[in-house]
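Below is one structure, written out as structure tokens; comments come after it.
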Amino acid sequence: MQVSKRIAAARPLATTAMHERVDVLKLQGEEVIDFSIAISHFPAPEHVRAAVAEAVQLPLLPYTAVGGAAALRQKLAAKVGAENAITASAAEVIVTNGAKQALYQSLYVMTDPGDTVIVFRPHWPAYVATSQLLGLNIVLVDQPARIDAAFLDTLPRAKVLIVNNPHNPSGKVFAREELLAIADWLRARSAHCIVDESYEKLIFEGQHHSLAALAKDWAEIGVVTIFSASQSYAMMGWRAGFAVAPAVLVKSMEALQGPITAAVPALSQVAAEAAFATGDVPELVADYRERRDLVVGMFSAVPWIKMTRPDSGPYLWGDISGLTMDTNAFAETLIEQYRVAIMPGEALGCAGFIRIGYIADDVATLKRGVDAIIALGNKLAAAGRAA
């Protein structure tokens, strides 16, 4: 049977495809170290699991409103007010199955096919894949070390700008001044913005600011802010997320969500309520910071890689362009010969880079995986010198 034209050109996300490949190898009895995505070695918070366990015993778990239970939306509005300094009402909150559903629905209701969306590079692959599914004109722009008015003035006119703060994969945390410059640009260009703040709690250095907190007219500008429990609370499989958006967009997103998934499952909403009431997670952040420093230290004496020390997030972003620009081939050799999975930079828009998710497994396994990456790189470097 022939599939539709609109899906024929679509491909699975590279991140998902690599992780699924790891799962297949493990089912075949292979031992594989998976750095391709970020799966925390921490369990979901105990109070989240307790809340869900209690809810399971209820005699009835009814459908909720499509956009989420009213009480939950009120609590999420209070959360962004208290923690993110975003002034929002329950009518400006929609509960979604993780960040991806919020992203898709936001873009769907904010754009029409052919509209331009700007995505900073490197990027989370879902930004580009979702834009492609919606028939948008994608403009990829290299994200500078510092965003200012001069840089923003070089950007083309666009319907939507996508900002990832904190940033995957670089770990950049946008400064207050950068976000204010973006807000000014949005007003001047009559553009809208989707801000993905999924890693808001994973801050090692600096301070996280929300664009919608600094731009008090965020609803008039058309700013959508996305939150997820997946990384901030080690709840990858729970699919608990939400978005804060102008009420008119929330209503439109509900109209889209209704015939697709309807409301997020009641148990996931229970989990979301407990998770987003947690606040900061100092033990998790301290553990990740130690791991970050360990891995950056292991790479520090390796001449063929420039590994940045991220200010946030569950990933490391390494420049191996001096060794090879073909990081697809590097990643393929690594998983085939060393049984270590990473994400090649091509999947995130930047050849010559690799992304390493460093928060899974125990520290001994983490070290073995990094040693394998170094071994392969040293082997290729030696072969290059011999040639």
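Identifiers in this document derive from the order of the structure tokens: chains are assigned A, B, ..., residues are numbered from 1 separately in each chain, and ligands are numbered from 1 in order of occurrence.
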
>> Considering only alpha helix (DSSP H) as DSSP defines it on the backbone, what residues of stretch 21-268 of chain A qualify? List them as an MDAnalysis selection string.
In response: chainID A and resid 21:27 46:56 70:84 98:110 125:133 149:152 176:189 211:214 218:221 229:232 247:260 266:268

Shell of 9 Å around stretch 120-128 of chain A, only C-alpha atoms, local chain residues under 2 positions omitted, as a PDB file with all heavy atoms, in the first residue's frame:
```pdb
ATOM      1  N   LEU A  13      13.269  10.043  13.766  1.00  0.00           N
ATOM      2  CA  LEU A  13      14.298  10.881  14.375  1.00  0.00           C
ATOM      3  C   LEU A  13      15.568  10.066  14.582  1.00  0.00           C
ATOM      4  O   LEU A  13      15.518   8.922  15.041  1.00  0.00           O
ATOM      5  CB  LEU A  13      13.815  11.423  15.722  1.00  0.00           C
ATOM      6  CG  LEU A  13      12.745  12.515  15.695  1.00  0.00           C
ATOM      7  CD1 LEU A  13      12.323  12.849  17.118  1.00  0.00           C
ATOM      8  CD2 LEU A  13      13.256  13.754  14.993  1.00  0.00           C
ATOM      9  N   ALA A  14      16.694  10.669  14.252  1.00  0.00           N
ATOM     10  CA  ALA A  14      17.964   9.948  14.401  1.00  0.00           C
ATOM     11  C   ALA A  14      18.197   9.534  15.840  1.00  0.00           C
ATOM     12  O   ALA A  14      18.733   8.450  16.112  1.00  0.00           O
ATOM     13  CB  ALA A  14      19.110  10.825  13.904  1.00  0.00           C
ATOM     14  N   THR A  15      17.785  10.389  16.787  1.00  0.00           N
ATOM     15  CA  THR A  15      17.968  10.065  18.200  1.00  0.00           C
ATOM     16  C   THR A  15      17.174   8.824  18.581  1.00  0.00           C
ATOM     17  O   THR A  15      17.682   7.919  19.245  1.00  0.00           O
ATOM     18  CB  THR A  15      17.522  11.259  19.055  1.00  0.00           C
ATOM     19  OG1 THR A  15      16.269  11.741  18.579  1.00  0.00           O
ATOM     20  CG2 THR A  15      18.530  12.383  18.999  1.00  0.00           C
ATOM     21  N   LYS A 100       7.249  17.056  23.161  1.00  0.00           N
ATOM     22  CA  LYS A 100       7.076  16.925  21.715  1.00  0.00           C
ATOM     23  C   LYS A 100       5.656  17.239  21.274  1.00  0.00           C
ATOM     24  O   LYS A 100       5.445  17.873  20.236  1.00  0.00           O
ATOM     25  CB  LYS A 100       7.477  15.514  21.254  1.00  0.00           C
ATOM     26  CG  LYS A 100       8.975  15.294  21.219  1.00  0.00           C
ATOM     27  CD  LYS A 100       9.334  13.897  20.758  1.00  0.00           C
ATOM     28  CE  LYS A 100      10.851  13.710  20.710  1.00  0.00           C
ATOM     29  NZ  LYS A 100      11.237  12.323  20.393  1.00  0.00           N
ATOM     30  N   LEU A 103       5.279  20.926  21.349  1.00  0.00           N
ATOM     31  CA  LEU A 103       5.973  21.533  20.215  1.00  0.00           C
ATOM     32  C   LEU A 103       5.145  21.405  18.938  1.00  0.00           C
ATOM     33  O   LEU A 103       4.933  22.388  18.214  1.00  0.00           O
ATOM     34  CB  LEU A 103       7.343  20.871  20.030  1.00  0.00           C
ATOM     35  CG  LEU A 103       8.082  21.208  18.734  1.00  0.00           C
ATOM     36  CD1 LEU A 103       8.509  22.673  18.729  1.00  0.00           C
ATOM     37  CD2 LEU A 103       9.281  20.294  18.542  1.00  0.00           C
ATOM     38  N   TYR A 104       4.695  20.200  18.643  1.00  0.00           N
ATOM     39  CA  TYR A 104       3.939  19.966  17.412  1.00  0.00           C
ATOM     40  C   TYR A 104       2.679  20.817  17.379  1.00  0.00           C
ATOM     41  O   TYR A 104       2.394  21.497  16.384  1.00  0.00           O
ATOM     42  CB  TYR A 104       3.572  18.482  17.290  1.00  0.00           C
ATOM     43  CG  TYR A 104       2.836  18.145  16.008  1.00  0.00           C
ATOM     44  CD1 TYR A 104       3.539  17.753  14.872  1.00  0.00           C
ATOM     45  CD2 TYR A 104       1.454  18.230  15.926  1.00  0.00           C
ATOM     46  CE1 TYR A 104       2.879  17.454  13.693  1.00  0.00           C
ATOM     47  CE2 TYR A 104       0.779  17.942  14.753  1.00  0.00           C
ATOM     48  CZ  TYR A 104       1.494  17.551  13.642  1.00  0.00           C
ATOM     49  OH  TYR A 104       0.839  17.275  12.471  1.00  0.00           O
ATOM     50  N   ILE A 118      12.592  29.785  12.132  1.00  0.00           N
ATOM     51  CA  ILE A 118      14.040  29.848  12.334  1.00  0.00           C
ATOM     52  C   ILE A 118      14.412  28.905  13.471  1.00  0.00           C
ATOM     53  O   ILE A 118      13.818  28.941  14.550  1.00  0.00           O
ATOM     54  CB  ILE A 118      14.493  31.277  12.671  1.00  0.00           C
ATOM     55  CG1 ILE A 118      14.218  32.226  11.499  1.00  0.00           C
ATOM     56  CG2 ILE A 118      15.990  31.306  13.019  1.00  0.00           C
ATOM     57  CD1 ILE A 118      14.510  33.675  11.811  1.00  0.00           C
ATOM     58  N   THR A 130       9.572  18.195  13.070  1.00  0.00           N
ATOM     59  CA  THR A 130       8.205  18.681  13.224  1.00  0.00           C
ATOM     60  C   THR A 130       7.889  19.751  12.185  1.00  0.00           C
ATOM     61  O   THR A 130       6.809  19.756  11.578  1.00  0.00           O
ATOM     62  CB  THR A 130       7.995  19.249  14.638  1.00  0.00           C
ATOM     63  OG1 THR A 130       8.277  18.222  15.589  1.00  0.00           O
ATOM     64  CG2 THR A 130       6.567  19.731  14.836  1.00  0.00           C
ATOM     65  N   SER A 131       8.834  20.655  11.956  1.00  0.00           N
ATOM     66  CA  SER A 131       8.638  21.707  10.964  1.00  0.00           C
ATOM     67  C   SER A 131       8.483  21.120   9.564  1.00  0.00           C
ATOM     68  O   SER A 131       7.666  21.600   8.762  1.00  0.00           O
ATOM     69  CB  SER A 131       9.817  22.687  11.002  1.00  0.00           C
ATOM     70  OG  SER A 131       9.925  23.308  12.272  1.00  0.00           O
ATOM     71  N   GLN A 132       9.244  20.081   9.278  1.00  0.00           N
ATOM     72  CA  GLN A 132       9.115  19.422   7.977  1.00  0.00           C
ATOM     73  C   GLN A 132       7.742  18.781   7.819  1.00  0.00           C
ATOM     74  O   GLN A 132       7.115  18.883   6.754  1.00  0.00           O
ATOM     75  CB  GLN A 132      10.216  18.367   7.815  1.00  0.00           C
ATOM     76  CG  GLN A 132      11.602  18.955   7.637  1.00  0.00           C
ATOM     77  CD  GLN A 132      12.702  17.902   7.677  1.00  0.00           C
ATOM     78  OE1 GLN A 132      12.548  16.838   8.287  1.00  0.00           O
ATOM     79  NE2 GLN A 132      13.824  18.200   7.052  1.00  0.00           N
ATOM     80  N   LEU A 133       7.257  18.111   8.844  1.00  0.00           N
ATOM     81  CA  LEU A 133       5.939  17.488   8.777  1.00  0.00           C
ATOM     82  C   LEU A 133       4.842  18.512   8.496  1.00  0.00           C
ATOM     83  O   LEU A 133       3.843  18.208   7.836  1.00  0.00           O
ATOM     84  CB  LEU A 133       5.627  16.766  10.085  1.00  0.00           C
ATOM     85  CG  LEU A 133       6.333  15.429  10.326  1.00  0.00           C
ATOM     86  CD1 LEU A 133       6.083  14.944  11.751  1.00  0.00           C
ATOM     87  CD2 LEU A 133       5.867  14.382   9.330  1.00  0.00           C
ATOM     88  N   ILE A 138      12.173  25.981   6.654  1.00  0.00           N
ATOM     89  CA  ILE A 138      13.079  25.959   7.800  1.00  0.00           C
ATOM     90  C   ILE A 138      14.358  26.703   7.454  1.00  0.00           C
ATOM     91  O   ILE A 138      15.026  26.373   6.471  1.00  0.00           O
ATOM     92  CB  ILE A 138      13.417  24.511   8.204  1.00  0.00           C
ATOM     93  CG1 ILE A 138      12.140  23.707   8.436  1.00  0.00           C
ATOM     94  CG2 ILE A 138      14.306  24.485   9.435  1.00  0.00           C
ATOM     95  CD1 ILE A 138      12.354  22.211   8.428  1.00  0.00           C
ATOM     96  N   VAL A 139      14.689  27.688   8.271  1.00  0.00           N
ATOM     97  CA  VAL A 139      15.951  28.408   8.125  1.00  0.00           C
ATOM     98  C   VAL A 139      16.828  28.049   9.322  1.00  0.00           C
ATOM     99  O   VAL A 139      16.494  28.370  10.469  1.00  0.00           O
ATOM    100  CB  VAL A 139      15.745  29.934   8.063  1.00  0.00           C
ATOM    101  CG1 VAL A 139      17.088  30.647   7.995  1.00  0.00           C
ATOM    102  CG2 VAL A 139      14.880  30.299   6.860  1.00  0.00           C
ATOM    103  N   LEU A 140      17.932  27.360   9.035  1.00  0.00           N
ATOM    104  CA  LEU A 140      18.873  26.989  10.093  1.00  0.00           C
ATOM    105  C   LEU A 140      19.940  28.069  10.211  1.00  0.00           C
ATOM    106  O   LEU A 140      20.550  28.464   9.213  1.00  0.00           O
ATOM    107  CB  LEU A 140      19.521  25.636   9.777  1.00  0.00           C
ATOM    108  CG  LEU A 140      18.584  24.427   9.729  1.00  0.00           C
ATOM    109  CD1 LEU A 140      19.355  23.176   9.327  1.00  0.00           C
ATOM    110  CD2 LEU A 140      17.915  24.213  11.070  1.00  0.00           C
ATOM    111  N   VAL A 141      20.146  28.540  11.415  1.00  0.00           N
ATOM    112  CA  VAL A 141      21.109  29.615  11.674  1.00  0.00           C
ATOM    113  C   VAL A 141      22.050  29.155  12.783  1.00  0.00           C
ATOM    114  O   VAL A 141      21.603  28.681  13.831  1.00  0.00           O
ATOM    115  CB  VAL A 141      20.392  30.909  12.108  1.00  0.00           C
ATOM    116  CG1 VAL A 141      21.409  32.000  12.421  1.00  0.00           C
ATOM    117  CG2 VAL A 141      19.416  31.366  11.040  1.00  0.00           C
ATOM    118  N   ASP A 142      23.349  29.286  12.553  1.00  0.00           N
ATOM    119  CA  ASP A 142      24.319  28.909  13.576  1.00  0.00           C
ATOM    120  C   ASP A 142      24.129  29.781  14.821  1.00  0.00           C
ATOM    121  O   ASP A 142      24.132  31.015  14.727  1.00  0.00           O
ATOM    122  CB  ASP A 142      25.743  29.061  13.054  1.00  0.00           C
ATOM    123  CG  ASP A 142      26.084  28.023  11.995  1.00  0.00           C
ATOM    124  OD1 ASP A 142      25.437  26.963  11.985  1.00  0.00           O
ATOM    125  OD2 ASP A 142      26.979  28.291  11.169  1.00  0.00           O
ATOM    126  N   GLN A 143      23.970  29.139  15.946  1.00  0.00           N
ATOM    127  CA  GLN A 143      23.774  29.871  17.196  1.00  0.00           C
ATOM    128  C   GLN A 143      25.111  30.429  17.678  1.00  0.00           C
ATOM    129  O   GLN A 143      26.050  29.668  17.914  1.00  0.00           O
ATOM    130  CB  GLN A 143      23.177  28.946  18.250  1.00  0.00           C
ATOM    131  CG  GLN A 143      22.928  29.609  19.600  1.00  0.00           C
ATOM    132  CD  GLN A 143      22.114  28.715  20.514  1.00  0.00           C
ATOM    133  OE1 GLN A 143      20.904  28.622  20.410  1.00  0.00           O
ATOM    134  NE2 GLN A 143      22.793  28.037  21.426  1.00  0.00           N
ATOM    135  N   PRO A 144      25.207  31.754  17.844  1.00  0.00           N
ATOM    136  CA  PRO A 144      26.486  32.321  18.283  1.00  0.00           C
ATOM    137  C   PRO A 144      26.695  32.106  19.782  1.00  0.00           C
ATOM    138  O   PRO A 144      25.770  31.743  20.507  1.00  0.00           O
ATOM    139  CB  PRO A 144      26.324  33.811  17.963  1.00  0.00           C
ATOM    140  CG  PRO A 144      24.851  34.049  18.109  1.00  0.00           C
ATOM    141  CD  PRO A 144      24.178  32.786  17.642  1.00  0.00           C
ATOM    142  N   LEU A 161      10.251  31.863  15.742  1.00  0.00           N
ATOM    143  CA  LEU A 161      11.625  31.569  16.151  1.00  0.00           C
ATOM    144  C   LEU A 161      11.563  30.529  17.260  1.00  0.00           C
ATOM    145  O   LEU A 161      10.799  30.686  18.217  1.00  0.00           O
ATOM    146  CB  LEU A 161      12.311  32.830  16.666  1.00  0.00           C
ATOM    147  CG  LEU A 161      13.664  32.651  17.381  1.00  0.00           C
ATOM    148  CD1 LEU A 161      14.735  32.197  16.395  1.00  0.00           C
ATOM    149  CD2 LEU A 161      14.090  33.948  18.077  1.00  0.00           C
ATOM    150  N   ILE A 162      12.351  29.465  17.128  1.00  0.00           N
ATOM    151  CA  ILE A 162      12.409  28.441  18.176  1.00  0.00           C
ATOM    152  C   ILE A 162      13.682  28.639  18.993  1.00  0.00           C
ATOM    153  O   ILE A 162      14.786  28.686  18.444  1.00  0.00           O
ATOM    154  CB  ILE A 162      12.371  27.016  17.584  1.00  0.00           C
ATOM    155  CG1 ILE A 162      11.044  26.782  16.850  1.00  0.00           C
ATOM    156  CG2 ILE A 162      12.556  25.972  18.688  1.00  0.00           C
ATOM    157  CD1 ILE A 162      10.927  25.421  16.202  1.00  0.00           C
ATOM    158  N   VAL A 163      13.515  28.760  20.296  1.00  0.00           N
ATOM    159  CA  VAL A 163      14.639  28.957  21.222  1.00  0.00           C
ATOM    160  C   VAL A 163      14.633  27.810  22.226  1.00  0.00           C
ATOM    161  O   VAL A 163      13.588  27.459  22.777  1.00  0.00           O
ATOM    162  CB  VAL A 163      14.514  30.303  21.964  1.00  0.00           C
ATOM    163  CG1 VAL A 163      15.609  30.438  23.019  1.00  0.00           C
ATOM    164  CG2 VAL A 163      14.561  31.470  20.981  1.00  0.00           C
ATOM    165  N   ASN A 164      15.790  27.232  22.453  1.00  0.00           N
ATOM    166  CA  ASN A 164      15.936  26.137  23.413  1.00  0.00           C
ATOM    167  C   ASN A 164      16.808  26.634  24.563  1.00  0.00           C
ATOM    168  O   ASN A 164      18.014  26.832  24.392  1.00  0.00           O
ATOM    169  CB  ASN A 164      16.578  24.935  22.719  1.00  0.00           C
ATOM    170  CG  ASN A 164      16.615  23.678  23.558  1.00  0.00           C
ATOM    171  OD1 ASN A 164      17.301  22.731  23.224  1.00  0.00           O
ATOM    172  ND2 ASN A 164      15.870  23.632  24.650  1.00  0.00           N
ATOM    173  N   HIS A 167      19.985  24.964  26.505  1.00  0.00           N
ATOM    174  CA  HIS A 167      20.116  24.485  25.136  1.00  0.00           C
ATOM    175  C   HIS A 167      20.633  23.054  25.053  1.00  0.00           C
ATOM    176  O   HIS A 167      21.583  22.681  25.734  1.00  0.00           O
ATOM    177  CB  HIS A 167      21.073  25.407  24.374  1.00  0.00           C
ATOM    178  CG  HIS A 167      21.218  25.071  22.931  1.00  0.00           C
ATOM    179  ND1 HIS A 167      22.323  24.444  22.424  1.00  0.00           N
ATOM    180  CD2 HIS A 167      20.373  25.267  21.888  1.00  0.00           C
ATOM    181  CE1 HIS A 167      22.178  24.283  21.123  1.00  0.00           C
ATOM    182  NE2 HIS A 167      21.000  24.771  20.776  1.00  0.00           N
ATOM    183  N   ASN A 168      19.973  22.277  24.221  1.00  0.00           N
ATOM    184  CA  ASN A 168      20.405  20.931  23.838  1.00  0.00           C
ATOM    185  C   ASN A 168      20.918  21.027  22.405  1.00  0.00           C
ATOM    186  O   ASN A 168      20.170  21.432  21.520  1.00  0.00           O
ATOM    187  CB  ASN A 168      19.209  19.975  23.910  1.00  0.00           C
ATOM    188  CG  ASN A 168      19.464  18.606  23.295  1.00  0.00           C
ATOM    189  OD1 ASN A 168      20.587  18.252  22.951  1.00  0.00           O
ATOM    190  ND2 ASN A 168      18.401  17.828  23.125  1.00  0.00           N
ATOM    191  N   PRO A 169      22.211  20.716  22.155  1.00  0.00           N
ATOM    192  CA  PRO A 169      23.118  19.919  23.004  1.00  0.00           C
ATOM    193  C   PRO A 169      24.213  20.716  23.717  1.00  0.00           C
ATOM    194  O   PRO A 169      24.990  20.121  24.451  1.00  0.00           O
ATOM    195  CB  PRO A 169      23.761  19.007  21.977  1.00  0.00           C
ATOM    196  CG  PRO A 169      23.924  19.904  20.773  1.00  0.00           C
ATOM    197  CD  PRO A 169      22.692  20.779  20.752  1.00  0.00           C
ATOM    198  N   SER A 170      24.326  22.020  23.487  1.00  0.00           N
ATOM    199  CA  SER A 170      25.519  22.732  23.951  1.00  0.00           C
ATOM    200  C   SER A 170      25.532  22.999  25.447  1.00  0.00           C
ATOM    201  O   SER A 170      26.591  23.241  26.024  1.00  0.00           O
ATOM    202  CB  SER A 170      25.650  24.070  23.207  1.00  0.00           C
ATOM    203  OG  SER A 170      24.664  24.988  23.657  1.00  0.00           O
ATOM    204  N   GLY A 345      26.885  14.479  15.090  1.00  0.00           N
ATOM    205  CA  GLY A 345      26.486  15.870  14.973  1.00  0.00           C
ATOM    206  C   GLY A 345      25.589  16.157  13.789  1.00  0.00           C
ATOM    207  O   GLY A 345      24.784  17.100  13.826  1.00  0.00           O
ATOM    208  N   ALA A 347      23.004  14.718  12.924  1.00  0.00           N
ATOM    209  CA  ALA A 347      21.607  14.612  13.342  1.00  0.00           C
ATOM    210  C   ALA A 347      21.115  15.889  14.003  1.00  0.00           C
ATOM    211  O   ALA A 347      19.903  16.141  14.071  1.00  0.00           O
ATOM    212  CB  ALA A 347      21.443  13.430  14.304  1.00  0.00           C
ATOM    213  N   LEU A 348      22.037  16.712  14.486  1.00  0.00           N
ATOM    214  CA  LEU A 348      21.692  17.959  15.159  1.00  0.00           C
ATOM    215  C   LEU A 348      22.115  19.180  14.338  1.00  0.00           C
ATOM    216  O   LEU A 348      22.175  20.289  14.849  1.00  0.00           O
ATOM    217  CB  LEU A 348      22.328  18.000  16.548  1.00  0.00           C
ATOM    218  CG  LEU A 348      21.803  16.941  17.533  1.00  0.00           C
ATOM    219  CD1 LEU A 348      22.687  15.685  17.496  1.00  0.00           C
ATOM    220  CD2 LEU A 348      21.750  17.470  18.947  1.00  0.00           C
ATOM    221  N   GLY A 349      22.430  18.934  13.071  1.00  0.00           N
ATOM    222  CA  GLY A 349      22.720  20.024  12.152  1.00  0.00           C
ATOM    223  C   GLY A 349      24.163  20.423  12.051  1.00  0.00           C
ATOM    224  O   GLY A 349      24.482  21.379  11.333  1.00  0.00           O
ATOM    225  N   CYS A 350      25.086  19.723  12.719  1.00  0.00           N
ATOM    226  CA  CYS A 350      26.491  20.130  12.742  1.00  0.00           C
ATOM    227  C   CYS A 350      27.414  18.941  12.537  1.00  0.00           C
ATOM    228  O   CYS A 350      27.697  18.197  13.492  1.00  0.00           O
ATOM    229  CB  CYS A 350      26.828  20.829  14.062  1.00  0.00           C
ATOM    230  SG  CYS A 350      26.045  22.420  14.292  1.00  0.00           S
TER     231      CYS A 350
END
```
